[in-house]
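For reference, run16.cif (mmCIF, C-alpha atoms):
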```cif
data_protein
loop_
_atom_site.label_atom_id
_atom_site.label_comp_id
_atom_site.auth_asym_id
_atom_site.auth_seq_id
_atom_site.Cartn_x
_atom_site.Cartn_y
_atom_site.Cartn_z
CA MET A 1 -53.21 -122.16 4.51
CA ALA A 2 -55.20 -119.60 2.60
CA SER A 3 -53.07 -118.12 -0.14
CA ILE A 4 -52.26 -114.42 0.00
CA TYR A 5 -51.31 -114.48 -3.71
CA PRO A 6 -54.54 -114.38 -5.68
CA ARG A 7 -52.74 -115.09 -8.95
CA TYR A 8 -50.71 -118.08 -7.70
CA ILE A 9 -51.14 -120.81 -5.07
CA PRO A 10 -48.57 -123.36 -3.80
CA SER A 11 -48.84 -126.68 -5.64
CA ASP A 12 -48.00 -128.37 -2.33
CA PRO A 13 -49.86 -126.69 0.58
CA ARG A 14 -47.09 -127.75 2.97
CA GLU A 15 -44.71 -125.42 1.14
CA GLY A 16 -46.90 -122.50 2.13
CA SER A 17 -46.63 -123.04 5.88
CA ASP A 18 -44.51 -120.78 8.06
CA SER A 19 -42.16 -123.61 9.08
CA THR A 20 -41.42 -124.96 5.62
CA VAL A 21 -41.02 -121.89 3.42
CA ALA A 22 -38.22 -122.73 0.96
CA SER A 23 -36.14 -120.47 -1.26
CA SER A 24 -38.12 -121.75 -4.27
CA ILE A 25 -41.52 -123.39 -4.44
CA ARG A 26 -43.69 -124.69 -7.25
CA VAL A 27 -46.88 -122.67 -7.66
CA LEU A 28 -50.03 -122.99 -9.74
CA ARG A 29 -51.73 -120.18 -11.65
CA PRO A 30 -55.42 -121.03 -11.26
CA SER A 31 -56.48 -118.93 -14.24
CA ASP A 32 -54.98 -121.45 -16.69
CA ASN A 33 -53.76 -124.32 -14.46
CA THR A 34 -50.11 -123.62 -15.39
CA PHE A 35 -47.25 -124.38 -13.01
CA PHE A 36 -44.39 -121.98 -12.34
CA LEU A 37 -41.47 -121.68 -9.95
CA ALA A 38 -41.63 -118.97 -7.27
CA SER A 39 -38.35 -117.72 -5.79
CA ILE A 40 -38.11 -115.51 -2.74
CA ILE A 41 -36.46 -112.15 -3.37
CA PRO A 42 -33.62 -111.65 -0.84
CA ASP A 43 -34.45 -109.12 1.86
CA VAL A 44 -31.38 -106.98 1.09
CA CYS A 45 -31.02 -103.39 2.28
CA THR A 46 -28.98 -100.55 0.84
CA LYS A 47 -27.42 -97.51 2.44
CA ASP A 48 -29.53 -94.44 2.97
CA ILE A 49 -28.27 -91.05 1.85
CA PRO A 50 -27.08 -88.99 3.70
CA ASN A 51 -27.49 -91.32 6.71
CA PRO A 52 -25.00 -94.21 6.04
CA THR A 53 -27.05 -97.06 7.48
CA TYR A 54 -28.51 -100.11 5.70
CA THR A 55 -32.23 -99.56 6.17
CA THR A 56 -33.77 -99.07 2.72
CA LYS A 57 -34.89 -102.35 1.15
CA LEU A 58 -33.41 -102.74 -2.29
CA ALA A 59 -36.10 -104.83 -4.03
CA PRO A 60 -39.02 -102.37 -3.64
CA VAL A 61 -36.78 -99.60 -5.00
CA ILE A 62 -35.47 -101.49 -8.04
CA LEU A 63 -38.27 -103.84 -9.09
CA PRO A 64 -40.96 -101.32 -10.07
CA THR A 65 -38.65 -99.93 -12.77
CA ALA A 66 -36.35 -102.89 -13.51
CA GLY A 67 -38.96 -105.65 -13.59
CA LYS A 68 -40.24 -104.82 -17.05
CA SER A 69 -36.72 -104.48 -18.47
CA LEU A 70 -35.72 -107.83 -17.02
CA SER A 71 -38.76 -109.54 -18.48
CA LEU A 72 -37.98 -108.07 -21.92
CA ILE A 73 -34.35 -109.23 -21.74
CA LEU A 74 -35.46 -112.74 -20.82
CA ASN A 75 -38.20 -112.75 -23.48
CA HIS A 76 -36.76 -115.47 -25.70
CA PRO A 77 -38.01 -119.00 -26.39
CA ASN A 78 -34.67 -120.48 -25.29
CA ILE A 79 -34.20 -118.46 -22.08
CA ILE A 80 -36.05 -119.17 -18.83
CA SER A 81 -38.63 -116.38 -18.71
CA LEU A 82 -39.48 -114.08 -15.83
CA ILE A 83 -43.27 -114.37 -15.69
CA ASP A 84 -44.28 -112.10 -12.83
CA ILE A 85 -43.14 -110.26 -9.70
CA ILE A 86 -45.31 -110.40 -6.58
CA GLN A 87 -44.69 -107.73 -3.92
CA PRO A 88 -46.98 -108.25 -0.91
CA SER A 89 -44.41 -106.36 1.19
CA LEU A 90 -45.89 -103.17 -0.25
CA LEU A 91 -49.23 -103.94 1.41
CA PRO A 92 -49.97 -102.32 4.80
CA GLY A 93 -49.03 -104.50 7.76
CA SER A 94 -47.01 -107.03 5.77
CA HIS A 95 -43.57 -108.34 6.72
CA THR A 96 -40.98 -110.30 4.75
CA THR A 97 -39.26 -112.23 7.55
CA LEU A 98 -40.37 -114.16 10.62
CA ASN A 99 -38.89 -113.87 14.10
CA ASN A 100 -36.54 -116.75 13.32
CA LYS A 101 -35.27 -114.83 10.27
CA LYS A 102 -36.91 -117.28 7.84
CA PRO A 103 -38.86 -115.80 4.89
CA ALA A 104 -42.46 -115.04 5.82
CA PRO A 105 -45.47 -116.10 3.71
CA THR A 106 -45.68 -112.46 2.66
CA ALA A 107 -42.14 -112.38 1.22
CA ASP A 108 -41.74 -110.81 -2.22
CA LEU A 109 -41.51 -113.38 -5.02
CA THR A 110 -40.31 -113.66 -8.59
CA ILE A 111 -42.28 -116.11 -10.76
CA PHE A 112 -40.27 -118.01 -13.38
CA GLU A 113 -41.03 -120.78 -15.85
CA ASP A 114 -41.03 -124.21 -14.26
CA MET A 115 -38.34 -126.25 -16.02
CA ASN A 116 -39.81 -129.49 -14.76
CA ALA A 117 -37.43 -131.94 -16.45
CA GLY A 118 -34.32 -130.70 -14.65
CA SER A 119 -30.94 -129.54 -15.88
CA LEU A 120 -28.42 -131.05 -18.29
CA ALA A 121 -26.05 -131.57 -15.34
CA TYR A 122 -28.35 -134.36 -14.11
CA LEU A 123 -27.77 -136.31 -17.33
CA LEU A 124 -23.96 -136.10 -17.34
CA PRO A 125 -21.27 -137.58 -15.10
CA SER A 126 -20.81 -135.26 -12.14
CA ALA A 127 -18.25 -132.54 -12.85
CA ASN A 128 -16.99 -133.12 -9.30
CA SER A 129 -15.91 -136.63 -10.35
CA TYR A 130 -13.33 -135.44 -12.89
CA PRO A 131 -9.69 -135.85 -11.78
CA ASN A 132 -7.52 -132.94 -10.76
CA PRO A 133 -6.31 -131.08 -13.88
CA SER A 134 -2.71 -132.11 -13.08
CA ASP A 135 -3.53 -135.83 -12.65
CA THR A 136 -1.97 -136.99 -15.92
CA HIS A 137 -2.57 -140.71 -15.36
CA SER A 138 -6.31 -140.37 -14.69
CA TRP A 139 -6.80 -138.02 -17.63
CA HIS A 140 -4.86 -140.39 -19.87
CA VAL A 141 -7.37 -143.11 -18.99
CA LEU A 142 -10.33 -140.80 -19.67
CA ALA A 143 -8.90 -139.41 -22.92
CA THR A 144 -7.86 -142.74 -24.44
CA PRO A 145 -9.91 -143.78 -27.52
CA ASN A 146 -12.87 -145.73 -26.17
CA PRO A 147 -15.88 -146.80 -28.26
CA ALA A 148 -17.69 -147.73 -25.04
CA ARG A 149 -17.32 -144.29 -23.42
CA PHE A 150 -20.33 -142.44 -22.02
CA SER A 151 -22.34 -140.32 -24.43
CA LEU A 152 -25.81 -138.89 -24.82
CA PRO A 153 -27.89 -139.33 -28.01
CA GLU A 154 -26.88 -137.16 -30.95
CA SER A 155 -30.46 -135.94 -31.20
CA LEU A 156 -30.17 -134.42 -27.71
CA CYS A 157 -26.80 -132.87 -28.58
CA TRP A 158 -28.35 -131.13 -31.61
CA HIS A 159 -31.35 -130.06 -29.51
CA VAL A 160 -29.15 -128.35 -26.90
CA LEU A 161 -26.78 -126.86 -29.48
CA ARG A 162 -29.62 -125.34 -31.52
CA SER A 163 -31.45 -123.98 -28.49
CA ILE A 164 -28.54 -122.42 -26.60
CA SER A 165 -26.81 -120.99 -29.70
CA LYS A 166 -30.03 -119.06 -30.38
CA ALA A 167 -30.15 -117.87 -26.76
CA LEU A 168 -26.57 -116.59 -27.04
CA LEU A 169 -27.35 -114.83 -30.33
CA TRP A 170 -30.06 -112.89 -28.50
CA LEU A 171 -27.98 -112.08 -25.43
CA HIS A 172 -24.81 -111.20 -27.34
CA HIS A 173 -26.33 -109.28 -30.26
CA GLY A 174 -30.02 -108.60 -29.55
CA VAL A 175 -30.97 -110.74 -32.57
CA LYS A 176 -33.62 -113.45 -32.54
CA GLU A 177 -35.88 -115.37 -34.88
CA THR A 178 -39.08 -113.59 -35.80
CA ALA A 179 -42.08 -115.35 -34.28
CA GLY A 180 -44.00 -117.26 -36.94
CA ILE A 181 -41.30 -116.80 -39.61
CA PRO A 182 -38.76 -119.64 -39.27
CA GLY A 183 -35.25 -118.68 -40.37
CA GLU A 184 -35.80 -114.90 -40.26
CA TYR A 185 -33.38 -113.41 -37.74
CA MET A 186 -33.67 -109.72 -36.96
CA LYS A 187 -32.45 -107.20 -34.42
CA HIS A 188 -35.48 -106.57 -32.23
CA ASP A 189 -34.01 -103.86 -30.00
CA ASP A 190 -32.03 -100.90 -31.38
CA ASP A 191 -30.81 -100.00 -27.88
CA TRP A 192 -29.37 -103.44 -27.11
CA HIS A 193 -26.26 -103.73 -24.94
CA PRO A 194 -24.33 -107.01 -25.23
CA ILE A 195 -24.89 -109.39 -22.30
CA LEU A 196 -22.26 -111.92 -21.28
CA VAL A 197 -23.65 -114.79 -19.21
CA MET A 198 -20.20 -115.60 -17.73
CA ASP A 199 -21.26 -119.20 -17.13
CA ILE A 200 -22.27 -121.56 -19.94
CA SER A 201 -22.13 -125.01 -18.38
CA PRO A 202 -24.45 -128.04 -17.96
CA GLY A 203 -25.95 -126.72 -14.72
CA GLN A 204 -27.25 -123.63 -16.54
CA ILE A 205 -29.15 -125.55 -19.24
CA TRP A 206 -32.67 -126.71 -18.37
CA PHE A 207 -35.47 -128.73 -19.94
CA LYS A 208 -39.23 -128.95 -19.85
CA ARG A 209 -41.01 -132.27 -20.18
CA PRO A 210 -42.34 -133.09 -23.66
CA GLU A 211 -46.00 -132.16 -23.94
CA GLY A 212 -47.20 -133.02 -27.43
CA GLY A 213 -45.34 -136.05 -28.73
CA GLU A 214 -42.00 -134.32 -29.41
CA THR A 215 -38.79 -136.22 -28.62
CA TYR A 216 -37.57 -133.65 -26.08
CA GLY A 217 -39.22 -130.77 -24.31
CA GLU A 218 -38.08 -127.17 -24.62
CA CYS A 219 -34.43 -126.45 -23.78
CA LYS A 220 -33.57 -123.11 -22.15
CA LEU A 221 -30.67 -121.20 -20.66
CA GLY A 222 -31.00 -120.01 -17.07
CA GLY A 223 -28.91 -118.88 -14.12
CA PHE A 224 -27.79 -115.29 -14.70
CA GLN A 225 -26.24 -114.58 -11.30
CA TRP A 226 -22.87 -113.80 -12.93
CA ALA A 227 -24.21 -112.12 -16.08
CA ARG A 228 -22.95 -108.68 -17.06
CA VAL A 229 -24.27 -105.99 -19.37
CA ILE A 230 -21.27 -104.87 -21.41
CA GLY A 231 -20.14 -102.03 -23.66
CA THR A 232 -22.21 -99.51 -25.56
CA VAL A 233 -25.31 -99.79 -27.71
CA GLY A 234 -24.47 -101.78 -30.82
CA GLY A 235 -20.86 -102.15 -29.72
CA GLU A 236 -18.69 -104.66 -31.56
CA VAL A 237 -16.48 -105.32 -28.53
CA ALA A 238 -17.84 -106.99 -25.40
CA VAL A 239 -15.27 -107.97 -22.78
CA ALA A 240 -15.31 -108.65 -19.03
CA SER A 241 -12.95 -109.96 -16.39
CA ARG A 242 -13.44 -113.61 -15.52
CA VAL A 243 -15.26 -114.57 -12.31
CA GLU A 244 -12.62 -115.09 -9.64
CA GLY A 245 -13.17 -117.83 -7.10
CA ALA A 246 -15.35 -119.91 -9.42
CA GLN A 247 -15.58 -123.62 -8.64
CA MET A 248 -13.82 -126.15 -10.83
CA VAL A 249 -17.19 -127.55 -11.94
CA LYS A 250 -17.54 -124.27 -13.85
CA LYS A 251 -13.90 -123.91 -14.93
CA TRP A 252 -13.94 -127.22 -16.83
CA PHE A 253 -15.99 -125.39 -19.48
CA TRP A 254 -13.97 -122.17 -19.62
CA ALA A 255 -12.16 -121.22 -22.81
CA PRO A 256 -8.38 -121.80 -22.60
CA GLU A 257 -7.53 -118.10 -22.84
CA VAL A 258 -9.83 -117.41 -19.87
CA TYR A 259 -8.72 -120.42 -17.83
CA THR A 260 -5.06 -119.34 -18.15
CA ASN A 261 -6.05 -115.70 -17.56
CA LEU A 262 -4.30 -114.56 -20.75
CA SER A 263 -7.37 -112.81 -22.19
CA PRO A 264 -10.64 -111.39 -20.83
CA TRP A 265 -14.04 -113.03 -21.17
CA THR A 266 -15.71 -112.35 -24.54
CA ARG A 267 -18.57 -113.57 -26.70
CA SER A 268 -16.11 -116.05 -28.23
CA SER A 269 -15.39 -117.41 -24.73
CA GLU A 270 -19.05 -118.34 -24.42
CA THR A 271 -19.01 -119.99 -27.85
CA PHE A 272 -16.19 -122.20 -26.54
CA SER A 273 -18.10 -122.94 -23.32
CA LEU A 274 -21.15 -124.08 -25.28
CA GLY A 275 -18.92 -126.21 -27.50
CA ALA A 276 -17.28 -127.73 -24.39
CA THR A 277 -20.72 -128.55 -22.98
CA ILE A 278 -21.77 -130.35 -26.17
CA TYR A 279 -18.38 -132.09 -26.20
CA ALA A 280 -19.12 -133.41 -22.69
CA MET A 281 -22.46 -134.72 -23.95
CA MET A 282 -20.63 -136.57 -26.74
CA THR A 283 -17.71 -137.93 -24.70
CA GLY A 284 -18.61 -137.85 -21.00
CA ILE A 285 -15.72 -135.46 -20.23
CA PRO A 286 -14.92 -131.79 -20.87
CA PRO A 287 -12.11 -131.10 -23.37
CA PRO A 288 -9.01 -132.55 -21.63
CA ARG A 289 -6.61 -129.64 -21.12
CA LEU A 290 -3.49 -131.84 -20.95
CA TYR A 291 -3.91 -132.84 -24.61
CA ASN A 292 -3.52 -130.83 -27.79
CA TYR A 293 -6.42 -129.66 -29.90
CA ASP A 294 -6.26 -132.50 -32.45
CA TRP A 295 -6.38 -135.15 -29.72
CA GLN A 296 -9.24 -133.38 -27.96
CA ILE A 297 -11.51 -133.27 -30.99
CA SER A 298 -10.61 -136.82 -32.05
CA ARG A 299 -12.49 -138.14 -29.00
CA MET A 300 -15.73 -137.11 -30.71
CA ASN A 301 -15.03 -139.93 -33.19
CA ASP A 302 -15.37 -142.63 -30.52
CA LYS A 303 -19.17 -143.01 -30.57
CA GLY A 304 -20.18 -142.59 -34.21
CA PHE A 305 -21.50 -139.03 -34.14
CA SER A 306 -22.17 -137.48 -37.55
CA LYS A 307 -19.49 -135.42 -39.25
CA GLY A 308 -21.77 -132.37 -39.21
CA ILE A 309 -21.95 -132.00 -35.45
CA ARG A 310 -18.31 -133.03 -34.96
CA ASP A 311 -17.10 -130.31 -37.34
CA ILE A 312 -19.23 -127.58 -35.75
CA VAL A 313 -18.17 -128.43 -32.19
CA ALA A 314 -14.53 -128.73 -33.30
CA ASP A 315 -14.63 -125.18 -34.64
CA MET A 316 -16.30 -123.90 -31.46
CA LEU A 317 -13.39 -125.39 -29.50
CA LYS A 318 -10.64 -123.71 -31.55
CA HIS A 319 -7.93 -122.38 -29.22
CA ASP A 320 -7.72 -119.09 -31.11
CA PRO A 321 -10.85 -117.09 -30.16
CA ARG A 322 -10.82 -115.36 -33.57
CA GLU A 323 -11.35 -118.69 -35.35
CA ARG A 324 -14.54 -119.67 -33.51
CA PRO A 325 -17.92 -119.16 -35.19
CA ASP A 326 -20.15 -116.58 -33.57
CA GLY A 327 -23.52 -114.93 -33.79
CA VAL A 328 -25.73 -115.49 -36.82
CA SER A 329 -23.01 -117.49 -38.60
CA LEU A 330 -22.99 -120.06 -35.80
CA VAL A 331 -26.79 -120.28 -35.63
CA ASN A 332 -27.08 -120.65 -39.41
CA ARG A 333 -24.38 -123.30 -39.51
CA VAL A 334 -26.01 -125.27 -36.69
CA GLU A 335 -29.41 -125.01 -38.37
CA GLY A 336 -28.04 -126.23 -41.69
CA GLY A 337 -26.15 -129.11 -40.10
CA TRP A 338 -29.19 -130.14 -38.06
CA ARG A 339 -31.42 -130.23 -41.14
CA THR A 340 -28.87 -132.34 -43.00
CA TRP A 341 -28.65 -134.75 -40.05
CA ARG A 342 -32.44 -135.05 -39.93
CA ALA A 343 -32.64 -135.81 -43.64
CA GLU A 344 -29.71 -138.21 -43.92
CA THR A 345 -29.74 -140.32 -40.74
CA ARG A 346 -32.21 -142.80 -39.31
CA GLU A 347 -32.05 -141.15 -35.87
CA GLY A 348 -32.70 -137.79 -37.49
CA ARG A 349 -35.72 -139.03 -39.41
CA MET A 350 -37.17 -140.51 -36.20
CA PHE A 351 -36.65 -137.28 -34.28
CA VAL A 352 -39.70 -135.10 -33.55
CA ASP A 353 -38.88 -131.49 -32.76
CA VAL A 354 -40.90 -129.04 -30.68
CA ASP A 355 -41.26 -126.85 -33.79
CA ASP A 356 -42.68 -129.82 -35.72
CA LYS A 357 -45.53 -130.12 -33.22
CA VAL A 358 -46.16 -126.36 -33.32
CA MET A 359 -46.42 -126.47 -37.12
CA GLU A 360 -48.63 -129.56 -36.95
CA ARG A 361 -51.00 -127.85 -34.52
CA GLY A 362 -51.12 -124.85 -36.85
CA VAL A 363 -52.03 -127.03 -39.81
CA VAL A 364 -54.66 -128.89 -37.81
CA GLY A 365 -56.12 -125.58 -36.71
CA ARG A 366 -56.50 -124.50 -40.35
CA VAL A 367 -57.78 -127.69 -41.98
CA GLY A 368 -59.27 -129.51 -39.01
CA THR A 369 -57.34 -132.75 -39.56
CA LEU A 370 -54.12 -133.90 -41.12
CA ASP A 371 -56.13 -136.42 -43.16
CA GLY A 372 -57.26 -133.48 -45.29
CA LEU A 373 -53.76 -132.76 -46.55
#
```
What's the structure tokens form of this structure?
Amino acid sequence: MASIYPRYIPSDPREGSDSTVASSIRVLRPSDNTFFLASIIPDVCTKDIPNPTYTTKLAPVILPTAGKSLSLILNHPNIISLIDIIQPSLLPGSHTTLNNKKPAPTADLTIFEDMNAGSLAYLLPSANSYPNPSDTHSWHVLATPNPARFSLPESLCWHVLRSISKALLWLHHGVKETAGIPGEYMKHDDDWHPILVMDISPGQIWFKRPEGGETYGECKLGGFQWARVIGTVGGEVAVASRVEGAQMVKKWFWAPEVYTNLSPWTRSSETFSLGATIYAMMTGIPPPRLYNYDWQISRMNDKGFSKGIRDIVADMLKHDPRERPDGVSLVNRVEGGWRTWRAETREGRMFVDVDDKVMERGVVGRVGTLDGL
């Protein structure tokens, strides 16, 4: 099928046929041979004023003004970026649905980064396999000290913790690392409103395949269907009501004050959720709610993880939201602990980070070869 999108073509021609149009397809940008993921924009209508009927399509109204703002919000190295918006529906004679109500080849599309190595959820035991929260016997078995319990490599735990803590710093405070100046964190938007993701869990964390010899590819946060823009510009307080009706696969990673509905969702709630996700990487289970705090964090001792990462995650899992690290303090602490782990452990010394390869390429570009150093 001849592509109607001059900037992108389906990587699999069968995905471009009328009978096999999916909600998301992998596309190629011929200009630089880069792959992306194209998602169909829902054909949703809104009420007309003063005539109260649903006839005006929402996307063509919102996207011309909101598209740029969305791309700026998602403009962070650890957040899945919105690359482009394609709107063939604006062309004369186009249509966005077929007679069978399936999306037509001329449907409007958003173009996102292709996280081609999948999500963290694929690497962990299925959250659907955890026992019912009230099943004390099964949780006792899972929470018993066990040096043979499931765990992922500490290097991957640090990689996810570093990446997603930086993403949260940007979303919560509008602060990110200055490009080309490692360690310099600045507010890059004076009009920033805090953004709460409302879902920090393994299914929201995605990876790219390694490309240049690094141990792991880029790690990014995605999935903002529940996200909320909160408060006022520069506001210190950012709170929201929890998402009602959420599945248990999400609730396993909720902060205790949110799970029990004693307090609203805050930045600190998302610090806990990230800590709970790293905890699951280290132990194979989310923090077991039937056990006290000391027993919960002691399970991180089962597999020989370094004290640095155990202490950071333990503080992120504090039951009092006011005692959890947040913002720049969390990012700085993670960065310091990661550098210590790299210098003092064999696994750390063997680890090759994405930033290492970027710096290496920069050096090679300046001197021509590393042999000249």
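Shortest atom-to-atom contact with A:Val243 among A:Ile278, A:Val197, A:Ile230, A:Ile40: A:Val197, counting only C-alpha atoms.
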(message) Report as number ranges by chain all protein, DNA and RNA residues lying within 10 Å of A:Trp170, evaluated on only C-alpha atoms, omitting residues in the same chain fewer than 4 positions from it.
(response) A: 73-76, 78-79, 164-166, 174-177, 185-189, 192, 194-195, 327-328
(request) Give as an NGL selection string the residues that the PyMOL selection byres ((chain A and resi 125) around 10) matches when applied to the coordinates above. (result) :A and (121-124 or 126-130 or 150-151 or 280-281 or 284-285)
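Interatomic distance, atom CA of A:Trp265 against atom CA of A:Ala240: 5.0 Å.
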(request) Name the residues captured by the PyMOL selection byres ((chain A and resi 140-146) around 9) when it is applied to the shown file; answer as number ranges by chain. (result) A: 135-139, 147-149, 284-285, 287-288, 290-291, 295-296, 298-299, 301-303
Using all atoms listed in the file, what does the table of stretch 136-218 of chain A residues within 12 Å of stretch 254-258 of chain A look like, with each row giving the shortest atom pair and its distance in Å to one decimal, sorted by chain and ascending number, as CSV?
```
residue,atom,partner,partner_atom,distance
A:Met198,CA,A:Trp254,CA,9.2
A:Asp199,CA,A:Trp254,CA,8.3
A:Ile200,CA,A:Trp254,CA,8.3
A:Ser201,CA,A:Trp254,CA,8.7
```
(message) Measuring between only C-alpha atoms, which one of A:Val229, A:Gly67, A:Leu168, A:Ser39 shows the shortest distance to A:Ala107?
(response) A:Ser39
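Distances from A:Leu317, A:Ala343, A:Leu330, A:Val249 to A:Asn132 were compared using only C-alpha atoms, and the smallest one belongs to A:Val249.
Between atom CA of A:Ser329 and atom CA of A:Pro77 the interatomic distance comes to 19.4 Å.
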(message) What does the structure give for the distance between atom CA of A:Glu184 and atom CA of A:Val160, in Å to one decimal?
(response) 20.1 Å
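Omitting A:Ser11 and its sequence neighbours fewer than 2 positions away, and counting all atoms listed in the file, the residues within 6 Å are Arg26, Val27 and Leu28 of chain A.
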(request) Go ahead and find all residues with at least one atom no further than 8 Å from (-28.5, -125.8, -26.4) in the file's coordinates, using only C-alpha atoms; report them as a PyMOL selection string. (result) chain A and resi 157-166+205+219-221+274
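The environment of A:Thr277 within 7 Å, counting only C-alpha atoms and disregarding residues fewer than 6 places along the same chain, consists of Ser201, Pro202, Phe253 and Pro286 of chain A.
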(request) Kindly extract all protein, DNA and RNA residues lying within 7 Å of the coordinates (-16.7, -115.2, -28.9) given in the file, considering only C-alpha atoms, and supply them as a PyMOL selection string. (result) chain A and resi 266-271+321+324+326
